Protein chains: 2
Amino acid sequence: MKYDRQDVIEKATHLFWEKGFHATSMRNLQDVLDMRPGSIYAGFGSKEGLFIACLQDYSQKNMAGVYAMAKAAPSPLEAVKTILRSNKGSASAPSGVCMIVKTIIELTEKHAEILDEAKRLMNVFFDALTDLLKQAKDQGELKASKDPKRIARFLQVYLMGMGSYAQANGGCSTSEELIEDALACLD
Amino acid sequence: MKYDRQDVIEKATHLFWEKGFHATSMRNLQDVLDMRPGSIYAGFGSKEGLFIACLQDYSQKNMAGVYAMAKAAPSPLEAVKTILRSNKGSASAPSGVCMIVKTIIELTEKHAEILDEAKRLMNVFFDALTDLLKQAKDQGELKASKDPKRIARFLQVYLMGMGSYAQANGGCSTSEELIEDALACLD
DNA sequence: GGTCGACATGAACGATCGTTCAATGTATGT
DNA sequence: ACATACATTGAACGATCGTTCATGTCGACC
């Protein structure tokens with residue numbers, strides 16, 4: 001009789017990610033989730049609540065992938081490269097831009113709760129990246145003169161830009177070249 | 001008796017740039033512009049029409065700055081560097097993200113007219129950047145092995161990312177470092 | 001098998017959305 | 001002064017927004 005919460009969150013995420021917070025109406029969600037308003041509000045409290053649940057699920061899945069790649073890679077620096085290369089948008093993704101980044105760009109302080117959570121989740125990724133680069137430096141993969149945090153910042157900036165670029169140019173035909181250009185800066 | 005069209009566009013741009021297309025209501029615009037619906041619709045046709053007029057004015061101002069810097073710089077490559085350095089967001093800007101990029105990220109094909117114009121305007125900047133880099137290569141400022149178009153793409157990606165990063169981190173305290181990291185990749 | 005608690009339902013709420021238009025006001029030409 | 005042309009006004013439109021709640025429905029327990 002009850003809905004599958006995980007399934008609901010995934011469907012809602014797809015819609016929110018594609019259209020953004022404001023352009024996604026509760027009516028849209030009702031249709032896609034096949035749920036009536038009362039059920040949605042009982043389960044998530046509000047549109048904001050549902051959105052935050054989606055953001056967290058989205059981030060958790062992404063980070064699970066990141067940690068898995070970090071563990072599977074032969075070295076920290078190779079892990080970083082693998083993670084970046086995995087970031088070319090798939091055809092099934094509803095948008096070229098990371099949902100967290102898109103949220104940070106779309107929303108203002110009027111929706112502070114969502115915004116703060118999005119920023120927090122972005123830093124989770126940033127910290128993971130920084131950590132890997134620190135390890136790479138310790139192991140001599142990264143020159144001693146480089147600052148891991150600064151490089152992590154550079155890569156994160158570039159990653160965010162790639163999403164925007166993909167969004168602007170429809171396809172992602174040149175994304176391999178784009179990634180390699182950034183990785184070349186690591187030496 | 002008539003309103004100042006340029007002034008109206010600038011005020012509307014400020015609001016649209018800050019809040020985005022969807023979160024900006026005609027009511028908000030009426031208040032800020034001190035105009036009644038009839039006047040706005042007589043002058044711009046629709047909310048979309050007003051938005052496009054704002055986008056075009058925004059782009060035209062930006063490009064005027066770009067061309068001015070290109071003319072004033074001692075060489076093409078120095079022009080590129082100056083242009084990039086000028087891109088750290090000012091405190092008066094309503095958002096850390098370029099309005100054109102923000103629009104491309106926010107809107108979907110439902111607003112194809114706006115989206116196409118935003119993409120077109122983005123390419124205007126890209127073409128100007130490519131042109132400068134071609135000149136730099138011709139004059140030997142850029143290594144012969146480098147592809148101007150590819151470098152322009154790299155820089156554009158990075159610029160878009162910087163806007164997102166600034167938006168996520170409130171201030172722009174580290175933007176000088178960020179820029180220099182990208183410029184270092186030009187050698 | 002009767003009772004109760006928990007959840008799903010969907011009609012309805014007031015607010016606000018983008019937009020229209022008849023009425024009003026103002027400037028200009030004669 | 002008067003007529004004409006046109007920009008401005010602001011009330012009002014139907015649609016849709018996010019949200020609420022009285023009602024319906026089902027399963028579990030004594």
# chains A, B, ... in the order shown; residues from 1 in each chain; ligands from 1
$ interface_residues --of "chain C" --to "chain B" --cutoff "8 Å" --atoms "only C-alpha atoms (C1' of nucleotides)" --output "ChimeraX atom specification"
/C:17-18,26
$ residues_around --residues "range 107-112 of chain A" --least-positions-apart "4" --cutoff "8 Å" --atoms "only C-alpha atoms (C1' of nucleotides)" --output "list in words"
Thr103 and Asp116 of chain A; Glu18 and Lys19 of chain B
$ write_last_selection --atoms "C-alpha atoms" --output "PDB file, in the first residue's frame"
ATOM      1  CA  THR A 103      20.957  24.470  -7.248  1.00  0.00           C
ATOM      2  CA  ASP A 116      23.214  25.788   2.839  1.00  0.00           C
TER       3      ASP A 116
ATOM      4  CA  GLU B  18      19.942  38.100  -9.167  1.00  0.00           C
ATOM      5  CA  LYS B  19      16.857  35.918  -8.976  1.00  0.00           C
TER       6      LYS B  19
END
$ select_by_dssp --residues "range 25-94 of chain A" --states "helix (DSSP H, G or I)" --output "number ranges by chain"
A: 26-33, 37-44, 47-72, 76-85
$ write_last_selection --atoms "N, CA and C atoms" --output "compact mmCIF listing (two decimals), in the first residue's frame"
# COMPACT_ATOMS: atom_id res chain seq x y z
N MET A 26 4.55 21.29 -7.93
CA MET A 26 4.03 20.13 -7.19
C MET A 26 3.14 19.30 -8.09
N ARG A 27 2.46 19.94 -9.00
CA ARG A 27 1.63 19.19 -9.97
C ARG A 27 2.50 18.26 -10.81
N ASN A 28 3.60 18.78 -11.32
CA ASN A 28 4.54 17.94 -12.08
C ASN A 28 4.95 16.73 -11.26
N LEU A 29 5.30 17.00 -10.01
CA LEU A 29 5.77 15.92 -9.14
C LEU A 29 4.67 14.90 -8.89
N GLN A 30 3.47 15.39 -8.64
CA GLN A 30 2.35 14.48 -8.42
C GLN A 30 2.19 13.53 -9.60
N ASP A 31 2.30 14.05 -10.79
CA ASP A 31 2.14 13.21 -11.99
C ASP A 31 3.26 12.17 -12.09
N VAL A 32 4.51 12.65 -11.97
CA VAL A 32 5.65 11.76 -12.14
C VAL A 32 5.73 10.72 -11.01
N LEU A 33 5.46 11.16 -9.80
CA LEU A 33 5.57 10.24 -8.65
C LEU A 33 4.33 9.38 -8.51
N PRO A 37 -1.08 15.01 -3.24
CA PRO A 37 -0.41 16.00 -2.38
C PRO A 37 -0.25 15.54 -0.94
N GLY A 38 -1.33 15.00 -0.38
CA GLY A 38 -1.28 14.59 1.02
C GLY A 38 -0.15 13.63 1.32
N SER A 39 0.07 12.68 0.46
CA SER A 39 1.13 11.69 0.67
C SER A 39 2.51 12.33 0.61
N ILE A 40 2.68 13.22 -0.36
CA ILE A 40 3.97 13.88 -0.50
C ILE A 40 4.28 14.71 0.75
N TYR A 41 3.26 15.44 1.20
CA TYR A 41 3.49 16.31 2.36
C TYR A 41 3.66 15.49 3.64
N ALA A 42 2.98 14.33 3.71
CA ALA A 42 3.16 13.47 4.87
C ALA A 42 4.58 12.91 4.90
N GLY A 43 5.12 12.63 3.74
CA GLY A 43 6.43 11.98 3.66
C GLY A 43 7.61 12.93 3.70
N PHE A 44 7.41 14.15 3.20
CA PHE A 44 8.55 15.05 3.05
C PHE A 44 8.33 16.45 3.62
N LYS A 47 7.69 21.09 -0.37
CA LYS A 47 8.46 20.99 -1.61
C LYS A 47 9.96 21.12 -1.30
N GLU A 48 10.29 22.04 -0.40
CA GLU A 48 11.69 22.19 0.00
C GLU A 48 12.23 20.91 0.62
N GLY A 49 11.42 20.30 1.48
CA GLY A 49 11.85 19.07 2.14
C GLY A 49 12.13 17.96 1.15
N LEU A 50 11.24 17.83 0.18
CA LEU A 50 11.46 16.81 -0.86
C LEU A 50 12.72 17.11 -1.64
N PHE A 51 12.92 18.39 -1.95
CA PHE A 51 14.10 18.76 -2.73
C PHE A 51 15.39 18.43 -1.98
N ILE A 52 15.40 18.74 -0.70
CA ILE A 52 16.59 18.46 0.11
C ILE A 52 16.85 16.95 0.17
N ALA A 53 15.78 16.18 0.32
CA ALA A 53 15.94 14.72 0.32
C ALA A 53 16.56 14.25 -1.00
N CYS A 54 16.14 14.87 -2.10
CA CYS A 54 16.69 14.52 -3.41
C CYS A 54 18.16 14.89 -3.49
N LEU A 55 18.49 16.10 -3.05
CA LEU A 55 19.88 16.56 -3.07
C LEU A 55 20.78 15.60 -2.30
N GLN A 56 20.32 15.21 -1.13
CA GLN A 56 21.15 14.35 -0.30
C GLN A 56 21.33 12.98 -0.93
N ASP A 57 20.27 12.46 -1.50
CA ASP A 57 20.39 11.16 -2.17
C ASP A 57 21.32 11.25 -3.37
N TYR A 58 21.18 12.33 -4.11
CA TYR A 58 22.04 12.56 -5.28
C TYR A 58 23.51 12.62 -4.86
N SER A 59 23.79 13.38 -3.82
CA SER A 59 25.15 13.53 -3.35
C SER A 59 25.71 12.21 -2.83
N GLN A 60 24.88 11.51 -2.08
CA GLN A 60 25.34 10.25 -1.49
C GLN A 60 25.73 9.25 -2.58
N LYS A 61 24.94 9.20 -3.63
CA LYS A 61 25.26 8.28 -4.73
C LYS A 61 26.55 8.69 -5.43
N ASN A 62 26.69 9.99 -5.66
CA ASN A 62 27.91 10.48 -6.31
C ASN A 62 29.14 10.17 -5.47
N MET A 63 29.02 10.44 -4.18
CA MET A 63 30.17 10.23 -3.30
C MET A 63 30.50 8.74 -3.18
N ALA A 64 29.48 7.90 -3.21
CA ALA A 64 29.74 6.46 -3.18
C ALA A 64 30.59 6.07 -4.39
N GLY A 65 30.27 6.66 -5.54
CA GLY A 65 31.07 6.40 -6.74
C GLY A 65 32.49 6.91 -6.58
N VAL A 66 32.62 8.08 -6.02
CA VAL A 66 33.95 8.67 -5.82
C VAL A 66 34.80 7.78 -4.91
N TYR A 67 34.23 7.38 -3.79
CA TYR A 67 34.99 6.54 -2.86
C TYR A 67 35.35 5.20 -3.50
N ALA A 68 34.43 4.67 -4.29
CA ALA A 68 34.70 3.39 -4.95
C ALA A 68 35.87 3.53 -5.93
N MET A 69 35.87 4.61 -6.69
CA MET A 69 36.95 4.83 -7.64
C MET A 69 38.27 5.05 -6.92
N ALA A 70 38.22 5.77 -5.79
CA ALA A 70 39.43 6.03 -5.01
C ALA A 70 40.01 4.72 -4.51
N LYS A 71 39.14 3.83 -4.09
CA LYS A 71 39.61 2.55 -3.55
C LYS A 71 40.17 1.64 -4.65
N ALA A 72 39.54 1.72 -5.82
CA ALA A 72 39.94 0.81 -6.89
C ALA A 72 41.19 1.27 -7.63
N PRO A 76 46.69 7.41 -5.54
CA PRO A 76 45.82 8.58 -5.30
C PRO A 76 45.65 9.47 -6.53
N LEU A 77 46.77 9.75 -7.21
CA LEU A 77 46.66 10.64 -8.36
C LEU A 77 45.86 9.98 -9.49
N GLU A 78 46.06 8.69 -9.66
CA GLU A 78 45.27 7.98 -10.67
C GLU A 78 43.79 8.01 -10.29
N ALA A 79 43.52 7.95 -9.01
CA ALA A 79 42.14 8.04 -8.53
C ALA A 79 41.52 9.37 -8.95
N VAL A 80 42.28 10.44 -8.72
CA VAL A 80 41.79 11.77 -9.09
C VAL A 80 41.48 11.82 -10.59
N LYS A 81 42.40 11.28 -11.39
CA LYS A 81 42.20 11.31 -12.84
C LYS A 81 40.96 10.50 -13.24
N THR A 82 40.82 9.35 -12.62
CA THR A 82 39.64 8.53 -12.91
C THR A 82 38.35 9.25 -12.56
N ILE A 83 38.36 9.90 -11.40
CA ILE A 83 37.17 10.62 -10.95
C ILE A 83 36.81 11.73 -11.94
N LEU A 84 37.83 12.48 -12.34
CA LEU A 84 37.55 13.58 -13.29
C LEU A 84 37.05 13.05 -14.62
N ARG A 85 37.68 11.99 -15.09
CA ARG A 85 37.27 11.43 -16.39
C ARG A 85 35.84 10.89 -16.34
$ closest_residue --among "C:DT28, C:DT3, C:DT9, C:DT19" --to "DA22 in chain D" --atoms "only C-alpha atoms (C1' of nucleotides)"
C:DT9
$ calpha_fit_and_write --fixed "chain B" --moving "chain A" --output "PDB file with C-alpha atoms, in the first residue's frame"
ATOM      1  CA  MET A   1       5.889  61.193 -19.751  1.00  0.00           C
ATOM      2  CA  LYS A   2       7.595  58.140 -21.171  1.00  0.00           C
ATOM      3  CA  TYR A   3       9.965  55.958 -19.268  1.00  0.00           C
ATOM      4  CA  ASP A   4      13.681  55.734 -20.026  1.00  0.00           C
ATOM      5  CA  ARG A   5      14.029  52.452 -21.865  1.00  0.00           C
ATOM      6  CA  GLN A   6      17.710  52.028 -21.113  1.00  0.00           C
ATOM      7  CA  ASP A   7      17.175  52.677 -17.441  1.00  0.00           C
ATOM      8  CA  VAL A   8      14.306  50.192 -17.339  1.00  0.00           C
ATOM      9  CA  ILE A   9      16.409  47.510 -18.987  1.00  0.00           C
ATOM     10  CA  GLU A  10      19.227  48.017 -16.499  1.00  0.00           C
ATOM     11  CA  LYS A  11      16.939  47.741 -13.509  1.00  0.00           C
ATOM     12  CA  ALA A  12      15.254  44.662 -14.931  1.00  0.00           C
ATOM     13  CA  THR A  13      18.619  43.115 -15.692  1.00  0.00           C
ATOM     14  CA  HIS A  14      19.691  43.556 -12.103  1.00  0.00           C
ATOM     15  CA  LEU A  15      16.619  41.731 -10.865  1.00  0.00           C
ATOM     16  CA  PHE A  16      16.683  38.950 -13.460  1.00  0.00           C
ATOM     17  CA  TRP A  17      20.389  38.413 -12.930  1.00  0.00           C
ATOM     18  CA  GLU A  18      19.966  38.093  -9.190  1.00  0.00           C
ATOM     19  CA  LYS A  19      16.884  35.911  -8.995  1.00  0.00           C
ATOM     20  CA  GLY A  20      16.809  34.146 -12.346  1.00  0.00           C
ATOM     21  CA  PHE A  21      14.015  34.048 -14.885  1.00  0.00           C
ATOM     22  CA  HIS A  22      11.476  31.919 -13.049  1.00  0.00           C
ATOM     23  CA  ALA A  23      11.866  33.413  -9.605  1.00  0.00           C
ATOM     24  CA  THR A  24      11.423  36.933 -10.938  1.00  0.00           C
ATOM     25  CA  SER A  25       7.732  37.718 -11.198  1.00  0.00           C
ATOM     26  CA  MET A  26       6.076  40.443 -13.212  1.00  0.00           C
ATOM     27  CA  ARG A  27       4.969  41.903  -9.886  1.00  0.00           C
ATOM     28  CA  ASN A  28       8.602  42.194  -8.791  1.00  0.00           C
ATOM     29  CA  LEU A  29       9.416  43.913 -12.048  1.00  0.00           C
ATOM     30  CA  GLN A  30       6.489  46.283 -11.781  1.00  0.00           C
ATOM     31  CA  ASP A  31       7.712  47.402  -8.374  1.00  0.00           C
ATOM     32  CA  VAL A  32      11.369  47.812  -9.334  1.00  0.00           C
ATOM     33  CA  LEU A  33      10.683  49.436 -12.704  1.00  0.00           C
ATOM     34  CA  ASP A  34       7.837  51.541 -11.340  1.00  0.00           C
ATOM     35  CA  MET A  35       5.800  50.577 -14.358  1.00  0.00           C
ATOM     36  CA  ARG A  36       2.355  49.102 -14.737  1.00  0.00           C
ATOM     37  CA  PRO A  37       1.749  45.855 -16.656  1.00  0.00           C
ATOM     38  CA  GLY A  38       0.334  47.600 -19.705  1.00  0.00           C
ATOM     39  CA  SER A  39       3.450  49.693 -20.218  1.00  0.00           C
ATOM     40  CA  ILE A  40       5.780  46.748 -19.849  1.00  0.00           C
ATOM     41  CA  TYR A  41       3.818  44.678 -22.326  1.00  0.00           C
ATOM     42  CA  ALA A  42       3.563  47.602 -24.750  1.00  0.00           C
ATOM     43  CA  GLY A  43       7.317  48.060 -24.630  1.00  0.00           C
ATOM     44  CA  PHE A  44       8.582  44.498 -24.542  1.00  0.00           C
ATOM     45  CA  GLY A  45       5.729  42.188 -25.547  1.00  0.00           C
ATOM     46  CA  SER A  46       6.102  39.673 -22.754  1.00  0.00           C
ATOM     47  CA  LYS A  47       8.219  38.621 -19.814  1.00  0.00           C
ATOM     48  CA  GLU A  48      10.351  36.639 -22.250  1.00  0.00           C
ATOM     49  CA  GLY A  49      10.737  39.677 -24.480  1.00  0.00           C
ATOM     50  CA  LEU A  50      11.902  41.825 -21.603  1.00  0.00           C
ATOM     51  CA  PHE A  51      14.325  39.135 -20.513  1.00  0.00           C
ATOM     52  CA  ILE A  52      15.842  38.856 -23.973  1.00  0.00           C
ATOM     53  CA  ALA A  53      16.234  42.630 -24.145  1.00  0.00           C
ATOM     54  CA  CYS A  54      18.076  42.454 -20.822  1.00  0.00           C
ATOM     55  CA  LEU A  55      20.318  39.619 -21.999  1.00  0.00           C
ATOM     56  CA  GLN A  56      21.271  41.506 -25.122  1.00  0.00           C
ATOM     57  CA  ASP A  57      22.026  44.692 -23.251  1.00  0.00           C
ATOM     58  CA  TYR A  58      24.065  42.748 -20.716  1.00  0.00           C
ATOM     59  CA  SER A  59      26.064  41.031 -23.434  1.00  0.00           C
ATOM     60  CA  GLN A  60      26.596  44.215 -25.411  1.00  0.00           C
ATOM     61  CA  LYS A  61      28.035  45.978 -22.379  1.00  0.00           C
ATOM     62  CA  ASN A  62      30.313  43.064 -21.567  1.00  0.00           C
ATOM     63  CA  MET A  63      31.554  42.803 -25.114  1.00  0.00           C
ATOM     64  CA  ALA A  64      32.179  46.541 -25.271  1.00  0.00           C
ATOM     65  CA  GLY A  65      34.464  46.070 -22.269  1.00  0.00           C
ATOM     66  CA  VAL A  66      36.189  43.130 -23.909  1.00  0.00           C
ATOM     67  CA  TYR A  67      36.853  45.008 -27.130  1.00  0.00           C
ATOM     68  CA  ALA A  68      38.094  48.017 -25.193  1.00  0.00           C
ATOM     69  CA  MET A  69      40.547  45.894 -23.228  1.00  0.00           C
ATOM     70  CA  ALA A  70      41.688  44.168 -26.418  1.00  0.00           C
ATOM     71  CA  LYS A  71      42.394  47.510 -28.024  1.00  0.00           C
ATOM     72  CA  ALA A  72      44.178  48.947 -25.005  1.00  0.00           C
ATOM     73  CA  ALA A  73      46.413  45.941 -24.319  1.00  0.00           C
ATOM     74  CA  PRO A  74      50.019  45.931 -25.544  1.00  0.00           C
ATOM     75  CA  SER A  75      49.582  42.530 -27.215  1.00  0.00           C
ATOM     76  CA  PRO A  76      46.899  39.912 -27.932  1.00  0.00           C
ATOM     77  CA  LEU A  77      47.995  37.579 -25.172  1.00  0.00           C
ATOM     78  CA  GLU A  78      48.154  40.415 -22.673  1.00  0.00           C
ATOM     79  CA  ALA A  79      44.645  41.327 -23.776  1.00  0.00           C
ATOM     80  CA  VAL A  80      43.448  37.822 -22.975  1.00  0.00           C
ATOM     81  CA  LYS A  81      45.073  37.988 -19.546  1.00  0.00           C
ATOM     82  CA  THR A  82      43.535  41.369 -18.836  1.00  0.00           C
ATOM     83  CA  ILE A  83      40.106  40.142 -19.883  1.00  0.00           C
ATOM     84  CA  LEU A  84      40.326  37.094 -17.639  1.00  0.00           C
ATOM     85  CA  ARG A  85      41.590  39.095 -14.692  1.00  0.00           C
ATOM     86  CA  SER A  86      38.699  41.518 -15.089  1.00  0.00           C
ATOM     87  CA  ASN A  87      36.332  38.649 -14.505  1.00  0.00           C
ATOM     88  CA  LYS A  88      36.511  38.543 -10.745  1.00  0.00           C
ATOM     89  CA  GLY A  89      33.000  39.429  -9.697  1.00  0.00           C
ATOM     90  CA  SER A  90      32.426  42.892  -8.347  1.00  0.00           C
ATOM     91  CA  ALA A  91      30.612  43.491  -5.092  1.00  0.00           C
ATOM     92  CA  SER A  92      27.840  45.321  -6.912  1.00  0.00           C
ATOM     93  CA  ALA A  93      27.077  42.399  -9.216  1.00  0.00           C
ATOM     94  CA  PRO A  94      23.816  40.677  -8.289  1.00  0.00           C
ATOM     95  CA  SER A  95      25.340  37.229  -8.753  1.00  0.00           C
ATOM     96  CA  GLY A  96      28.749  35.624  -8.997  1.00  0.00           C
ATOM     97  CA  VAL A  97      27.700  33.823 -12.156  1.00  0.00           C
ATOM     98  CA  CYS A  98      27.576  35.502 -15.555  1.00  0.00           C
ATOM     99  CA  MET A  99      23.947  36.173 -16.422  1.00  0.00           C
ATOM    100  CA  ILE A 100      24.234  34.375 -19.751  1.00  0.00           C
ATOM    101  CA  VAL A 101      25.667  31.247 -18.148  1.00  0.00           C
ATOM    102  CA  LYS A 102      23.087  31.364 -15.393  1.00  0.00           C
ATOM    103  CA  THR A 103      20.332  31.548 -17.993  1.00  0.00           C
ATOM    104  CA  ILE A 104      21.687  28.605 -19.955  1.00  0.00           C
ATOM    105  CA  ILE A 105      21.798  26.544 -16.789  1.00  0.00           C
ATOM    106  CA  GLU A 106      18.379  27.528 -15.510  1.00  0.00           C
ATOM    107  CA  LEU A 107      16.203  27.280 -18.605  1.00  0.00           C
ATOM    108  CA  THR A 108      15.139  24.288 -20.654  1.00  0.00           C
ATOM    109  CA  GLU A 109      13.843  23.916 -24.185  1.00  0.00           C
ATOM    110  CA  LYS A 110      10.483  25.155 -22.990  1.00  0.00           C
ATOM    111  CA  HIS A 111      11.914  28.652 -23.376  1.00  0.00           C
ATOM    112  CA  ALA A 112      13.807  27.938 -26.577  1.00  0.00           C
ATOM    113  CA  GLU A 113      13.844  31.519 -27.773  1.00  0.00           C
ATOM    114  CA  ILE A 114      15.678  32.759 -24.701  1.00  0.00           C
ATOM    115  CA  LEU A 115      17.951  29.744 -24.611  1.00  0.00           C
ATOM    116  CA  ASP A 116      19.026  30.088 -28.226  1.00  0.00           C
ATOM    117  CA  GLU A 117      19.772  33.764 -27.783  1.00  0.00           C
ATOM    118  CA  ALA A 118      21.811  33.066 -24.643  1.00  0.00           C
ATOM    119  CA  LYS A 119      23.867  30.425 -26.446  1.00  0.00           C
ATOM    120  CA  ARG A 120      24.414  32.772 -29.351  1.00  0.00           C
ATOM    121  CA  LEU A 121      25.628  35.541 -27.053  1.00  0.00           C
ATOM    122  CA  MET A 122      27.984  33.152 -25.295  1.00  0.00           C
ATOM    123  CA  ASN A 123      29.537  32.262 -28.613  1.00  0.00           C
ATOM    124  CA  VAL A 124      30.103  35.927 -29.374  1.00  0.00           C
ATOM    125  CA  PHE A 125      32.425  36.039 -26.378  1.00  0.00           C
ATOM    126  CA  PHE A 126      34.022  32.732 -27.279  1.00  0.00           C
ATOM    127  CA  ASP A 127      34.739  33.913 -30.814  1.00  0.00           C
ATOM    128  CA  ALA A 128      36.358  37.093 -29.541  1.00  0.00           C
ATOM    129  CA  LEU A 129      38.568  35.060 -27.226  1.00  0.00           C
ATOM    130  CA  THR A 130      39.504  32.655 -30.005  1.00  0.00           C
ATOM    131  CA  ASP A 131      40.348  35.540 -32.279  1.00  0.00           C
ATOM    132  CA  LEU A 132      42.719  37.071 -29.760  1.00  0.00           C
ATOM    133  CA  LEU A 133      44.461  33.744 -29.219  1.00  0.00           C
ATOM    134  CA  LYS A 134      44.865  33.281 -32.972  1.00  0.00           C
ATOM    135  CA  GLN A 135      46.549  36.665 -33.123  1.00  0.00           C
ATOM    136  CA  ALA A 136      48.750  35.692 -30.200  1.00  0.00           C
ATOM    137  CA  LYS A 137      49.813  32.570 -32.046  1.00  0.00           C
ATOM    138  CA  ASP A 138      50.552  34.503 -35.237  1.00  0.00           C
ATOM    139  CA  GLN A 139      52.741  36.875 -33.289  1.00  0.00           C
ATOM    140  CA  GLY A 140      54.586  34.071 -31.563  1.00  0.00           C
ATOM    141  CA  GLU A 141      53.244  34.857 -28.100  1.00  0.00           C
ATOM    142  CA  LEU A 142      51.602  31.468 -28.074  1.00  0.00           C
ATOM    143  CA  LYS A 143      53.555  28.324 -28.849  1.00  0.00           C
ATOM    144  CA  ALA A 144      53.024  27.047 -32.390  1.00  0.00           C
ATOM    145  CA  SER A 145      51.998  23.683 -31.002  1.00  0.00           C
ATOM    146  CA  LYS A 146      48.922  25.124 -29.282  1.00  0.00           C
ATOM    147  CA  ASP A 147      45.484  25.255 -30.820  1.00  0.00           C
ATOM    148  CA  PRO A 148      43.887  28.685 -30.220  1.00  0.00           C
ATOM    149  CA  LYS A 149      40.356  27.330 -30.343  1.00  0.00           C
ATOM    150  CA  ARG A 150      41.141  24.643 -27.840  1.00  0.00           C
ATOM    151  CA  ILE A 151      42.776  27.086 -25.471  1.00  0.00           C
ATOM    152  CA  ALA A 152      39.861  29.468 -25.818  1.00  0.00           C
ATOM    153  CA  ARG A 153      37.592  26.587 -24.875  1.00  0.00           C
ATOM    154  CA  PHE A 154      39.735  25.750 -21.881  1.00  0.00           C
ATOM    155  CA  LEU A 155      39.670  29.335 -20.666  1.00  0.00           C
ATOM    156  CA  GLN A 156      35.951  29.673 -21.213  1.00  0.00           C
ATOM    157  CA  VAL A 157      35.262  26.502 -19.273  1.00  0.00           C
ATOM    158  CA  TYR A 158      37.418  27.774 -16.466  1.00  0.00           C
ATOM    159  CA  LEU A 159      35.741  31.174 -16.456  1.00  0.00           C
ATOM    160  CA  MET A 160      32.311  29.593 -16.186  1.00  0.00           C
ATOM    161  CA  GLY A 161      33.553  27.439 -13.347  1.00  0.00           C
ATOM    162  CA  MET A 162      34.924  30.446 -11.506  1.00  0.00           C
ATOM    163  CA  GLY A 163      31.509  32.054 -11.484  1.00  0.00           C
ATOM    164  CA  SER A 164      29.953  28.939  -9.986  1.00  0.00           C
ATOM    165  CA  TYR A 165      32.728  28.733  -7.429  1.00  0.00           C
ATOM    166  CA  ALA A 166      32.258  32.355  -6.444  1.00  0.00           C
ATOM    167  CA  GLN A 167      28.539  31.770  -6.073  1.00  0.00           C
ATOM    168  CA  ALA A 168      29.143  28.754  -3.858  1.00  0.00           C
ATOM    169  CA  ASN A 169      31.669  30.485  -1.625  1.00  0.00           C
ATOM    170  CA  GLY A 170      29.990  33.828  -1.189  1.00  0.00           C
ATOM    171  CA  GLY A 171      32.993  36.049  -1.401  1.00  0.00           C
ATOM    172  CA  CYS A 172      35.551  36.163  -4.159  1.00  0.00           C
ATOM    173  CA  SER A 173      38.572  36.274  -1.873  1.00  0.00           C
ATOM    174  CA  THR A 174      40.566  33.677  -3.759  1.00  0.00           C
ATOM    175  CA  SER A 175      39.694  34.755  -7.266  1.00  0.00           C
ATOM    176  CA  GLU A 176      43.114  36.256  -8.007  1.00  0.00           C
ATOM    177  CA  GLU A 177      44.785  32.944  -7.241  1.00  0.00           C
ATOM    178  CA  LEU A 178      42.210  31.103  -9.309  1.00  0.00           C
ATOM    179  CA  ILE A 179      42.842  33.288 -12.328  1.00  0.00           C
ATOM    180  CA  GLU A 180      46.609  32.971 -12.075  1.00  0.00           C
ATOM    181  CA  ASP A 181      46.325  29.185 -11.908  1.00  0.00           C
ATOM    182  CA  ALA A 182      44.523  29.224 -15.240  1.00  0.00           C
ATOM    183  CA  LEU A 183      46.869  31.736 -16.842  1.00  0.00           C
ATOM    184  CA  ALA A 184      49.805  29.547 -15.815  1.00  0.00           C
ATOM    185  CA  CYS A 185      48.425  26.915 -18.172  1.00  0.00           C
ATOM    186  CA  LEU A 186      48.925  29.186 -21.159  1.00  0.00           C
ATOM    187  CA  ASP A 187      52.697  28.710 -21.256  1.00  0.00           C
TER     188      ASP A 187
END
$ interface_residues --of "chain D" --to "chain A" --cutoff "12 Å" --atoms "only C-alpha atoms (C1' of nucleotides)" --output "NGL selection string"
:D and (16-22 or 25-27)
$ atom_distance --atom1 "C1' of DT9 in chain D" --atom2 "C1' of DG29 in chain C"
25.3 Å
$ atom_distance --atom1 "C1' of DA15 in chain D" --atom2 "C1' of DG14 in chain C"
14.4 Å
